[in-house]
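Asker: Coordinates in coords-v6.pdb, PDB, C-alpha atoms, are listed below.
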ATOM      1  CA  MET A1337       0.000   0.000   0.000
ATOM      2  CA  THR A1338       1.777   3.132  -1.279
ATOM      3  CA  ARG A1339       0.991   6.785  -1.717
ATOM      4  CA  THR A1340       1.655   9.455  -4.336
ATOM      5  CA  PRO A1341       3.925  12.286  -3.182
ATOM      6  CA  GLY A1342       3.609  15.837  -4.297
ATOM      7  CA  VAL A1343       6.194  17.751  -6.284
ATOM      8  CA  LEU A1344       9.661  17.697  -4.798
ATOM      9  CA  VAL A1345      13.298  17.862  -5.797
ATOM     10  CA  LEU A1346      15.558  14.882  -5.247
ATOM     11  CA  THR A1347      19.308  14.870  -5.858
ATOM     12  CA  THR A1348      21.349  11.973  -7.241
ATOM     13  CA  ALA A1349      24.949  11.614  -8.234
ATOM     14  CA  LEU A1350      23.984  12.699 -11.735
ATOM     15  CA  GLY A1351      21.988  15.823 -10.956
ATOM     16  CA  ALA A1352      18.750  17.213  -9.586
ATOM     17  CA  PHE A1353      15.288  17.661 -10.995
ATOM     18  CA  ALA A1354      11.679  18.027  -9.907
ATOM     19  CA  CYS A1355       9.085  15.337 -10.303
ATOM     20  CA  GLY A1356       5.817  14.180  -8.774
ATOM     21  CA  GLY A1357       3.704  11.044  -8.631
ATOM     22  CA  ALA A1358       6.028   8.431  -7.240
ATOM     23  CA  ASP A1359       4.047   5.264  -7.582
ATOM     24  CA  GLY A1360       0.735   5.909  -9.202
ATOM     25  CA  GLY A1361      -1.276   6.168  -5.986
ATOM     26  CA  ALA A1362      -4.495   8.122  -5.812
ATOM     27  CA  SER A1363      -4.129  11.749  -4.746
ATOM     28  CA  ASP A1364      -7.584  11.682  -3.142
ATOM     29  CA  GLY A1365      -6.507   9.483  -0.260
ATOM     30  CA  GLY A1366      -7.467   6.203  -1.916
ATOM     31  CA  VAL A1367      -5.528   2.969  -1.750
ATOM     32  CA  ASP A1368      -2.996   2.173  -4.445
ATOM     33  CA  ALA A1369      -3.592  -1.575  -4.332
ATOM     34  CA  ALA A1370      -1.871  -2.189  -7.673
ATOM     35  CA  VAL A1371       1.208  -3.093  -5.642
ATOM     36  CA  PRO A1372       1.626  -5.563  -2.771
ATOM     37  CA  PRO A1373       0.567  -4.288   0.660
ATOM     38  CA  PRO A1374       3.399  -2.933   2.812
ATOM     39  CA  PRO A1375       4.830  -4.793   5.779
ATOM     40  CA  GLY A1376       3.280  -3.965   9.115
ATOM     41  CA  PRO A1377      -0.171  -4.537  10.633
ATOM     42  CA  ALA A1378      -2.331  -6.392   8.121
ATOM     43  CA  CYS A1379      -5.622  -8.225   7.963
ATOM     44  CA  ALA A1380      -5.785 -11.823   9.144
ATOM     45  CA  SER A1381      -7.216 -12.798   5.754
ATOM     46  CA  GLY A1382      -4.188 -11.320   3.965
ATOM     47  CA  GLY A1383      -4.583  -9.758   0.555
ATOM     48  CA  GLU A1384      -4.509  -6.170  -0.576
ATOM     49  CA  PRO A1385      -6.583  -3.474   1.154
ATOM     50  CA  THR A1386      -9.787  -2.451  -0.588
ATOM     51  CA  ALA A1387     -10.453   0.460   1.779
ATOM     52  CA  ARG A1388      -8.207   3.008   3.442
ATOM     53  CA  PHE A1389      -8.858   6.044   5.648
ATOM     54  CA  THR A1390      -6.248   8.419   7.073
ATOM     55  CA  VAL A1391      -5.876  11.392   9.389
ATOM     56  CA  VAL A1392      -2.785  13.617   9.486
ATOM     57  CA  PRO A1393      -1.811  15.751  12.499
ATOM     58  CA  GLU A1394      -0.269  18.956  11.188
ATOM     59  CA  PRO A1395      -1.139  21.266   8.277
ATOM     60  CA  GLY A1396       1.104  20.826   5.272
ATOM     61  CA  ALA A1397       2.186  17.262   6.071
ATOM     62  CA  ALA A1398      -0.310  15.431   3.898
ATOM     63  CA  MET A1399       1.256  16.200   0.537
ATOM     64  CA  ARG A1400       0.268  12.801  -0.805
ATOM     65  CA  ILE A1401      -3.455  12.904  -0.080
ATOM     66  CA  GLY A1402      -4.098  16.619  -0.516
ATOM     67  CA  SER A1403      -6.023  16.918   2.762
ATOM     68  CA  GLN A1404      -5.833  16.194   6.482
ATOM     69  CA  ALA A1405      -8.426  13.424   6.416
ATOM     70  CA  GLY A1406      -9.563  11.218   3.604
ATOM     71  CA  GLY A1407     -10.139   7.786   2.204
ATOM     72  CA  HIS A1408     -12.323   5.532   0.123
ATOM     73  CA  VAL A1409     -13.864   2.089  -0.215
ATOM     74  CA  ALA A1410     -13.244   0.283  -3.501
ATOM     75  CA  SER A1411     -15.315  -2.416  -5.140
ATOM     76  CA  GLY A1412     -12.279  -4.697  -5.100
ATOM     77  CA  ALA A1413      -8.490  -4.767  -5.197
ATOM     78  CA  MET A1414      -6.568  -3.142  -8.032
ATOM     79  CA  PRO A1415      -4.876  -5.472 -10.533
ATOM     80  CA  ARG A1416      -1.457  -6.417  -9.181
ATOM     81  CA  LEU A1417       1.034  -4.974 -11.651
ATOM     82  CA  LEU A1418       4.083  -5.193  -9.356
ATOM     83  CA  ALA A1419       5.396  -7.972  -7.131
ATOM     84  CA  THR A1420       7.717  -8.305  -4.156
ATOM     85  CA  LEU A1421      10.962  -9.576  -5.698
ATOM     86  CA  VAL A1422      13.424  -9.407  -2.770
ATOM     87  CA  THR A1423      12.768  -9.536   0.976
ATOM     88  CA  GLU A1424      15.350  -9.259   3.747
ATOM     89  CA  GLY A1425      14.560  -8.467   7.354
ATOM     90  CA  SER A1426      11.836  -5.828   7.493
ATOM     91  CA  CYS A1427      12.657  -4.504   4.002
ATOM     92  CA  ARG A1428      11.544  -5.478   0.517
ATOM     93  CA  PHE A1429      12.158  -4.531  -3.099
ATOM     94  CA  VAL A1430       9.092  -4.332  -5.360
ATOM     95  CA  GLY A1431       9.193  -4.234  -9.146
ATOM     96  CA  PRO A1432       7.637  -5.512 -12.380
ATOM     97  CA  ARG A1433       7.180  -9.246 -12.848
ATOM     98  CA  PRO A1434       6.073  -9.799 -16.459
ATOM     99  CA  ALA A1435       3.306 -12.302 -17.112
ATOM    100  CA  LEU A1436       1.456 -13.459 -20.208
ATOM    101  CA  CYS A1437      -2.312 -13.751 -20.436
ATOM    102  CA  GLU A1438      -3.674 -16.088 -23.114
ATOM    103  CA  PRO A1439      -6.041 -15.197 -24.605
ATOM    104  CA  GLY A1440      -5.238 -11.518 -24.363
ATOM    105  CA  CYS A1441      -7.173  -9.262 -22.000
ATOM    106  CA  THR A1442     -10.232  -7.377 -23.275
ATOM    107  CA  ASP A1443     -13.033  -5.162 -21.930
ATOM    108  CA  GLY A1444     -10.672  -2.815 -20.115
ATOM    109  CA  THR A1445      -8.932  -5.544 -18.103
ATOM    110  CA  VAL A1446      -5.154  -5.878 -17.763
ATOM    111  CA  CYS A1447      -2.810  -8.827 -17.334
ATOM    112  CA  ASP A1448      -1.631  -8.972 -13.722
ATOM    113  CA  VAL A1449       1.565 -10.489 -12.316
ATOM    114  CA  ASP A1450      -0.164 -13.885 -11.982
ATOM    115  CA  GLY A1451      -1.150 -14.002 -15.664
ATOM    116  CA  VAL A1452      -4.826 -13.289 -14.953
ATOM    117  CA  CYS A1453      -6.935 -10.647 -16.704
ATOM    118  CA  ALA A1454      -8.127  -8.330 -13.944
ATOM    119  CA  ALA A1455     -10.544  -5.409 -13.940
ATOM    120  CA  PHE A1456     -10.014  -2.047 -12.256
ATOM    121  CA  PRO A1457     -12.331  -1.368  -9.285
ATOM    122  CA  VAL A1458     -14.465   1.703  -8.680
ATOM    123  CA  ASP A1459     -15.085   3.633  -5.461
ATOM    124  CA  LEU A1460     -18.347   2.834  -3.685
ATOM    125  CA  PRO A1461     -20.721   5.080  -1.726
ATOM    126  CA  ALA A1462     -20.162   4.156   1.898
ATOM    127  CA  GLY A1463     -22.270   6.557   3.967
ATOM    128  CA  VAL A1464     -21.038   9.253   6.325
ATOM    129  CA  PHE A1465     -17.397   9.071   7.474
ATOM    130  CA  THR A1466     -17.050  10.377  11.063
ATOM    131  CA  ILE A1467     -13.895  11.213  13.025
ATOM    132  CA  THR A1468     -14.162  11.758  16.783
ATOM    133  CA  GLY A1469     -11.510  12.468  19.402
ATOM    134  CA  THR A1470     -10.462  15.511  17.372
ATOM    135  CA  THR A1471     -11.232  19.181  17.985
ATOM    136  CA  PRO A1472     -13.616  19.609  16.277
ATOM    137  CA  PRO A1473     -15.084  16.205  15.393
ATOM    138  CA  VAL A1474     -15.758  15.825  11.677
ATOM    139  CA  SER A1475     -18.501  14.170   9.605
ATOM    140  CA  LEU A1476     -17.847  13.819   5.871
ATOM    141  CA  GLU A1477     -20.124  12.927   3.001
ATOM    142  CA  PRO A1478     -18.485  11.242  -0.004
ATOM    143  CA  ARG A1479     -17.422  13.603  -2.764
ATOM    144  CA  ALA A1480     -18.215  13.075  -6.429
ATOM    145  CA  GLY A1481     -16.430   9.894  -7.409
ATOM    146  CA  GLY A1482     -16.949   8.274  -4.007
ATOM    147  CA  TYR A1483     -13.908   9.421  -2.024
ATOM    148  CA  TYR A1484     -13.783  11.404   1.232
ATOM    149  CA  SER A1485     -11.595  14.458   1.823
ATOM    150  CA  GLU A1486     -11.326  17.241   4.405
ATOM    151  CA  GLN A1487      -8.864  20.115   4.815
ATOM    152  CA  ALA A1488      -6.644  20.871   7.795
ATOM    153  CA  TYR A1489      -7.598  22.070  11.250
ATOM    154  CA  PRO A1490      -4.681  23.619  13.190
ATOM    155  CA  GLY A1491      -4.201  21.732  16.448
ATOM    156  CA  TRP A1492      -6.787  19.192  15.336
ATOM    157  CA  PHE A1493      -5.400  16.476  17.619
ATOM    158  CA  ARG A1494      -2.311  15.745  19.713
ATOM    159  CA  PRO A1495       0.134  12.841  19.772
ATOM    160  CA  ASP A1496      -1.352   9.751  21.428
ATOM    161  CA  ASP A1497      -4.912  11.124  21.323
ATOM    162  CA  GLU A1498      -7.456   8.351  20.769
ATOM    163  CA  LEU A1499      -9.162   8.887  17.412
ATOM    164  CA  THR A1500     -12.187   6.902  16.315
ATOM    165  CA  LEU A1501     -12.835   6.625  12.583
ATOM    166  CA  SER A1502     -16.306   5.345  11.703
ATOM    167  CA  LEU A1503     -18.021   4.641   8.412
ATOM    168  CA  ALA A1504     -21.820   4.486   8.449
ATOM    169  CA  GLY A1505     -21.980   2.100   5.504
ATOM    170  CA  ALA A1506     -24.381   1.917   2.577
ATOM    171  CA  ASP A1507     -26.108  -0.738   0.470
ATOM    172  CA  ALA A1508     -22.872  -2.306  -0.789
ATOM    173  CA  VAL A1509     -20.650  -1.458   2.203
ATOM    174  CA  ALA A1510     -21.044  -2.616   5.802
ATOM    175  CA  PRO A1511     -20.458  -0.164   8.663
ATOM    176  CA  MET A1512     -16.954  -0.216  10.125
ATOM    177  CA  THR A1513     -15.156   1.464  13.007
ATOM    178  CA  ALA A1514     -11.528   1.565  14.131
ATOM    179  CA  THR A1515      -9.581   3.476  16.779
ATOM    180  CA  VAL A1516      -6.073   4.759  16.094
ATOM    181  CA  ARG A1517      -3.698   6.941  18.102
ATOM    182  CA  GLY A1518      -2.474  10.325  16.979
ATOM    183  CA  VAL A1519       1.189  10.383  15.959
ATOM    184  CA  PRO A1520       3.663  13.228  16.513
ATOM    185  CA  ALA A1521       5.425  15.058  13.709
ATOM    186  CA  LEU A1522       8.347  13.013  12.434
ATOM    187  CA  THR A1523      11.767  14.569  13.114
ATOM    188  CA  LEU A1524      15.011  13.484  11.440
ATOM    189  CA  PRO A1525      18.665  14.297  12.204
ATOM    190  CA  THR A1526      19.089  14.997   8.480
ATOM    191  CA  THR A1527      17.021  14.941   5.304
ATOM    192  CA  GLN A1528      20.148  14.488   3.130
ATOM    193  CA  LEU A1529      20.805  10.750   2.700
ATOM    194  CA  THR A1530      23.345   8.756   0.687
ATOM    195  CA  ALA A1531      22.693   5.346  -0.863
ATOM    196  CA  THR A1532      25.910   3.489  -1.759
ATOM    197  CA  GLU A1533      25.722   0.516  -4.097
ATOM    198  CA  HIS A1534      26.600  -2.872  -2.500
ATOM    199  CA  GLN A1535      26.499  -1.387   1.013
ATOM    200  CA  PRO A1536      23.750  -1.405   3.652
ATOM    201  CA  MET A1537      22.195   1.974   4.409
ATOM    202  CA  VAL A1538      21.330   3.110   7.948
ATOM    203  CA  ILE A1539      18.418   5.547   8.281
ATOM    204  CA  ARG A1540      17.777   7.321  11.581
ATOM    205  CA  TRP A1541      14.986   9.382  13.116
ATOM    206  CA  ASP A1542      14.303  10.764  16.566
ATOM    207  CA  PRO A1543      12.815   7.810  18.522
ATOM    208  CA  ILE A1544       9.058   8.009  19.098
ATOM    209  CA  PRO A1545       8.021   6.158  22.297
ATOM    210  CA  THR A1546       4.278   6.770  21.925
ATOM    211  CA  PRO A1547       1.823   5.748  20.710
ATOM    212  CA  THR A1548       2.559   2.099  21.431
ATOM    213  CA  GLY A1549       2.565   0.171  18.177
ATOM    214  CA  ALA A1550       3.566   3.130  15.993
ATOM    215  CA  GLU A1551       5.837   2.234  13.082
ATOM    216  CA  VAL A1552       8.152   4.090  10.736
ATOM    217  CA  LEU A1553       7.928   3.316   7.024
ATOM    218  CA  VAL A1554      10.803   4.194   4.669
ATOM    219  CA  HIS A1555       9.971   4.431   0.952
ATOM    220  CA  PHE A1556      12.420   4.967  -1.945
ATOM    221  CA  ASP A1557      11.403   4.693  -5.600
ATOM    222  CA  ASN A1558      12.565   5.426  -9.119
ATOM    223  CA  ASP A1559       9.286   5.892 -10.964
ATOM    224  CA  HIS A1560      10.683   7.158 -14.254
ATOM    225  CA  HIS A1561       7.290   7.452 -15.960
ATOM    226  CA  GLY A1562       7.309   3.907 -17.283
ATOM    227  CA  VAL A1563       9.790   2.247 -14.902
ATOM    228  CA  SER A1564       8.121   1.472 -11.561
ATOM    229  CA  ALA A1565      10.231   0.014  -8.766
ATOM    230  CA  TYR A1566      10.562   0.826  -5.084
ATOM    231  CA  LEU A1567      11.794  -0.384  -1.721
ATOM    232  CA  GLU A1568      10.101  -0.189   1.648
ATOM    233  CA  CYS A1569      11.323  -0.862   5.173
ATOM    234  CA  VAL A1570       9.318  -0.883   8.398
ATOM    235  CA  ALA A1571      10.618  -0.582  11.964
ATOM    236  CA  PRO A1572       9.144   0.238  15.381
ATOM    237  CA  ALA A1573       8.978   4.013  15.771
ATOM    238  CA  ALA A1574      10.687   3.716  19.168
ATOM    239  CA  ALA A1575      13.750   2.062  17.578
ATOM    240  CA  GLY A1576      15.005   5.289  16.006
ATOM    241  CA  MET A1577      16.680   3.527  13.078
ATOM    242  CA  VAL A1578      16.393   0.903  10.368
ATOM    243  CA  THR A1579      19.022  -0.662   8.109
ATOM    244  CA  VAL A1580      18.284  -1.101   4.400
ATOM    245  CA  PRO A1581      20.190  -4.229   3.304
ATOM    246  CA  ALA A1582      22.287  -4.053   0.129
ATOM    247  CA  ALA A1583      20.237  -6.965  -1.246
ATOM    248  CA  VAL A1584      17.178  -4.685  -1.251
ATOM    249  CA  LEU A1585      18.895  -1.408  -2.143
ATOM    250  CA  ASP A1586      20.991  -2.686  -5.074
ATOM    251  CA  PRO A1587      18.083  -3.789  -7.314
ATOM    252  CA  LEU A1588      16.441  -0.381  -6.884
ATOM    253  CA  ILE A1589      19.643   1.361  -7.957
ATOM    254  CA  ALA A1590      20.014  -1.039 -10.894
ATOM    255  CA  ALA A1591      16.421  -0.427 -11.987
ATOM    256  CA  GLY A1592      17.169   3.300 -12.041
ATOM    257  CA  GLU A1593      19.635   2.845 -14.900
ATOM    258  CA  THR A1594      16.716   2.712 -17.322
ATOM    259  CA  GLY A1595      15.419   6.091 -16.194
ATOM    260  CA  ILE A1596      16.358   9.677 -16.918
ATOM    261  CA  GLY A1597      19.575   9.976 -14.949
ATOM    262  CA  THR A1598      18.417   9.339 -11.386
ATOM    263  CA  PHE A1599      18.652   6.090  -9.476
ATOM    264  CA  ILE A1600      16.346   7.060  -6.596
ATOM    265  CA  GLU A1601      13.815   9.613  -7.732
ATOM    266  CA  ASN A1602      11.433   9.999  -4.784
ATOM    267  CA  ALA A1603      11.924   9.260  -1.103
ATOM    268  CA  TRP A1604       9.960   9.788   2.075
ATOM    269  CA  ILE A1605       9.858   8.570   5.666
ATOM    270  CA  GLU A1606       6.632   8.414   7.674
ATOM    271  CA  VAL A1607       5.507   7.473  11.152
ATOM    272  CA  HIS A1608       2.078   5.886  11.398
ATOM    273  CA  HIS A1609      -0.271   4.157  13.796
ATOM    274  CA  ARG A1610      -2.299   1.688  11.746
ATOM    275  CA  VAL A1611      -5.242  -0.632  12.336
ATOM    276  CA  ALA A1612      -6.317  -3.219   9.758
ATOM    277  CA  LEU A1613      -9.776  -4.817   9.805
ATOM    278  CA  ASP A1614     -11.282  -7.753   7.964
ATOM    279  CA  THR A1615     -14.614  -6.695   6.441
ATOM    280  CA  PRO A1616     -17.124  -8.423   4.144
ATOM    281  CA  ARG A1617     -15.527  -6.502   1.240
ATOM    282  CA  GLY A1618     -11.948  -7.352   2.171
ATOM    283  CA  CYS A1619      -9.216  -5.656   4.186
ATOM    284  CA  ALA A1620      -9.749  -2.081   5.442
ATOM    285  CA  VAL A1621      -6.873   0.048   6.779
ATOM    286  CA  PHE A1622      -7.267   3.017   9.141
ATOM    287  CA  GLU A1623      -4.269   5.107  10.185
ATOM    288  CA  SER A1624      -2.857   8.381  11.423
ATOM    289  CA  TYR A1625       0.492   9.391   9.971
ATOM    290  CA  SER A1626       3.080  12.141   9.633
ATOM    291  CA  ASP A1627       5.786  12.208   6.958
ATOM    292  CA  ARG A1628       8.927  13.927   5.705
ATOM    293  CA  PHE A1629      10.404  13.960   2.227
ATOM    294  CA  VAL A1630      14.153  13.381   2.004
ATOM    295  CA  THR A1631      16.789  13.736  -0.711
ATOM    296  CA  VAL A1632      19.027  10.840  -1.686
ATOM    297  CA  ASP A1633      22.460  10.916  -3.312
ATOM    298  CA  THR A1634      23.319   7.667  -5.100
ATOM    299  CA  VAL A1635      26.936   6.475  -5.184
ATOM    300  CA  ARG A1636      27.697   3.734  -7.723
ATOM    301  CA  ALA A1637      30.360   1.133  -7.077
ATOM    302  CA  PRO A1638      33.544   1.457  -9.195
TER     303      PRO A1638
END
Please lay out the structure from this file as structure tokens.
Answerer:
Amino acid sequence: MTRTPGVLVLTTALGAFACGGADGGASDGGVDAAVPPPPGPACASGGEPTARFTVVPEPGAAMRIGSQAGGHVASGAMPRLLATLVTEGSCRFVGPRPALCEPGCTDGTVCDVDGVCAAFPVDLPAGVFTITGTTPPVSLEPRAGGYYSEQAYPGWFRPDDELTLSLAGADAVAPMTATVRGVPALTLPTTQLTATEHQPMVIRWDPIPTPTGAEVLVHFDNDHHGVSAYLECVAPAAAGMVTVPAAVLDPLIAAGETGIGTFIENAWIEVHHRVALDTPRGCAVFESYSDRFVTVDTVRAP
């Protein structure tokens, strides 16, 4: 489960440029289920989330959803166009895994990584979306297209506040409720990172002791408008660090060779408190999160 960042500038060993849209996620707060779900809390049934709702603590942090609260419920999972190719520890590398569908796909379907023609889902009306535990509480009706979105409230909630996210449901969607904890703003000792080929990479942040169960997610990608590949690592927020193994970092750098001169195009680090629920329509994810974009220099081996 990934998100689409806003416009930013990332530096590599070959230069700097601006780009947006790291991994094709929906800018309205929807789930990009075209890729495998990230490590971390997941539904007991497994599978990709078909619903996701988020709240973000501070104005200006939610560059990837365009609001401070949002989400949607989809009619099903997106076709899986990427697969997890390397896993080591709490990190993974995700990239294309070509497959052949015979006969070829028709009627707007696409061939997924398992060689199955799959259709794209649509967002479903799901009733009123309510957030309590915030100041003020919020009730949202779905916007045109079926997604939910609300702008920022300064001081809307504090770290470790108990936030209840509830969906009233509608004909095709059952009611659902989850409680998450507010997360603090993520702070880093530096936003200038260096990825060195064939070497592990240590990433640090200021440890976050509360809320219990909060995680930090590290995401690097090189979405060169036709080349989609990324890595993700997850660690307890209280740990203050995670190590990206060379076995996960190297294939991302190698995939960047087919791009436009950058090996790691987009990068961000987020802290989140996440709850995943099994529902009649599949897995639903509720979370609060705060994030920071970082720049990454790439050093190739001689």
Asker: Decode the PyMOL selection byres ((chain A and resi 1454) around 6) for the given file into explicit residues and return them as a list in words.
Answerer: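 Listing what the PyMOL selection byres ((chain A and resi 1454) around 6) selects in the shown file: Pro1415, Thr1445, Val1446, Cys1453 and Ala1455 of chain A.
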Asker: Using only C-alpha atoms, pick whichever of A:Glu1551, A:Asp1586, A:Asp1559, A:Glu1601 has the shortest atom-to-atom distance to Thr1532 (chain A).
Answerer: A:Asp1586
Asker: What is the distance, in Å and to one decimal place, between CA of Trp1541 (chain A) and CA of Ala1405 (chain A)?
Answerer: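 These atoms are spaced 24.7 Å apart.
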Asker: Specify as a PDB file with C-alpha atoms, in the frame of the given file each residue included when the PyMOL selection byres ((chain A and resi 1499) around 7) is applied to this file.
Answerer:
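Output (expr-v6.pdb):
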ATOM      1  CA  ILE A1467     -13.895  11.213  13.025  1.00  0.00           C
ATOM      2  CA  THR A1468     -14.162  11.758  16.783  1.00  0.00           C
ATOM      3  CA  GLY A1469     -11.510  12.468  19.402  1.00  0.00           C
ATOM      4  CA  THR A1470     -10.462  15.511  17.372  1.00  0.00           C
ATOM      5  CA  ASP A1497      -4.912  11.124  21.323  1.00  0.00           C
ATOM      6  CA  GLU A1498      -7.456   8.351  20.769  1.00  0.00           C
ATOM      7  CA  THR A1500     -12.187   6.902  16.315  1.00  0.00           C
ATOM      8  CA  LEU A1501     -12.835   6.625  12.583  1.00  0.00           C
ATOM      9  CA  THR A1515      -9.581   3.476  16.779  1.00  0.00           C
ATOM     10  CA  VAL A1516      -6.073   4.759  16.094  1.00  0.00           C
ATOM     11  CA  ARG A1517      -3.698   6.941  18.102  1.00  0.00           C
ATOM     12  CA  GLY A1518      -2.474  10.325  16.979  1.00  0.00           C
TER      13      GLY A1518
END
Asker: Going by the chain IDs and residue numbers used in this file, which residues fall under the PyMOL selection byres ((chain A and resi 1507) around 12)? Write them as an NGL selection string.
Answerer: :A and (1460-1463 or 1504-1506 or 1508-1511)
Asker: Figure out the distance between CA of Asn1602 (chain A) and CA of Thr1631 (chain A), please, to one decimal in Å.
Answerer: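 Going from CA of Thr1631 (chain A) over to CA of Asn1602 (chain A), I get 7.7 Å.
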Asker: Which one is closest to Ser1626 (chain A): A:Leu1585, A:Val1392, A:Leu1567, A:Met1512? Count only C-alpha atoms.
Answerer: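 Among the listed residues, A:Val1392 lies closest to Ser1626 (chain A).
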Asker: Just the residues within 6 Å of Thr1386 (chain A), please, counting all atoms listed in the file, with nothing from its chain fewer than 4 positions along; format it as a list of chain:residue names.
Answerer: A:Ala1410, A:Gly1412, A:Ala1413, A:Cys1619
Asker: Between CA of Arg1428 (chain A) and CA of Gly1576 (chain A), what distance in Å does the model show, to one decimal?
Answerer: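 CA of Gly1576 (chain A) lies 19.2 Å from CA of Arg1428 (chain A).
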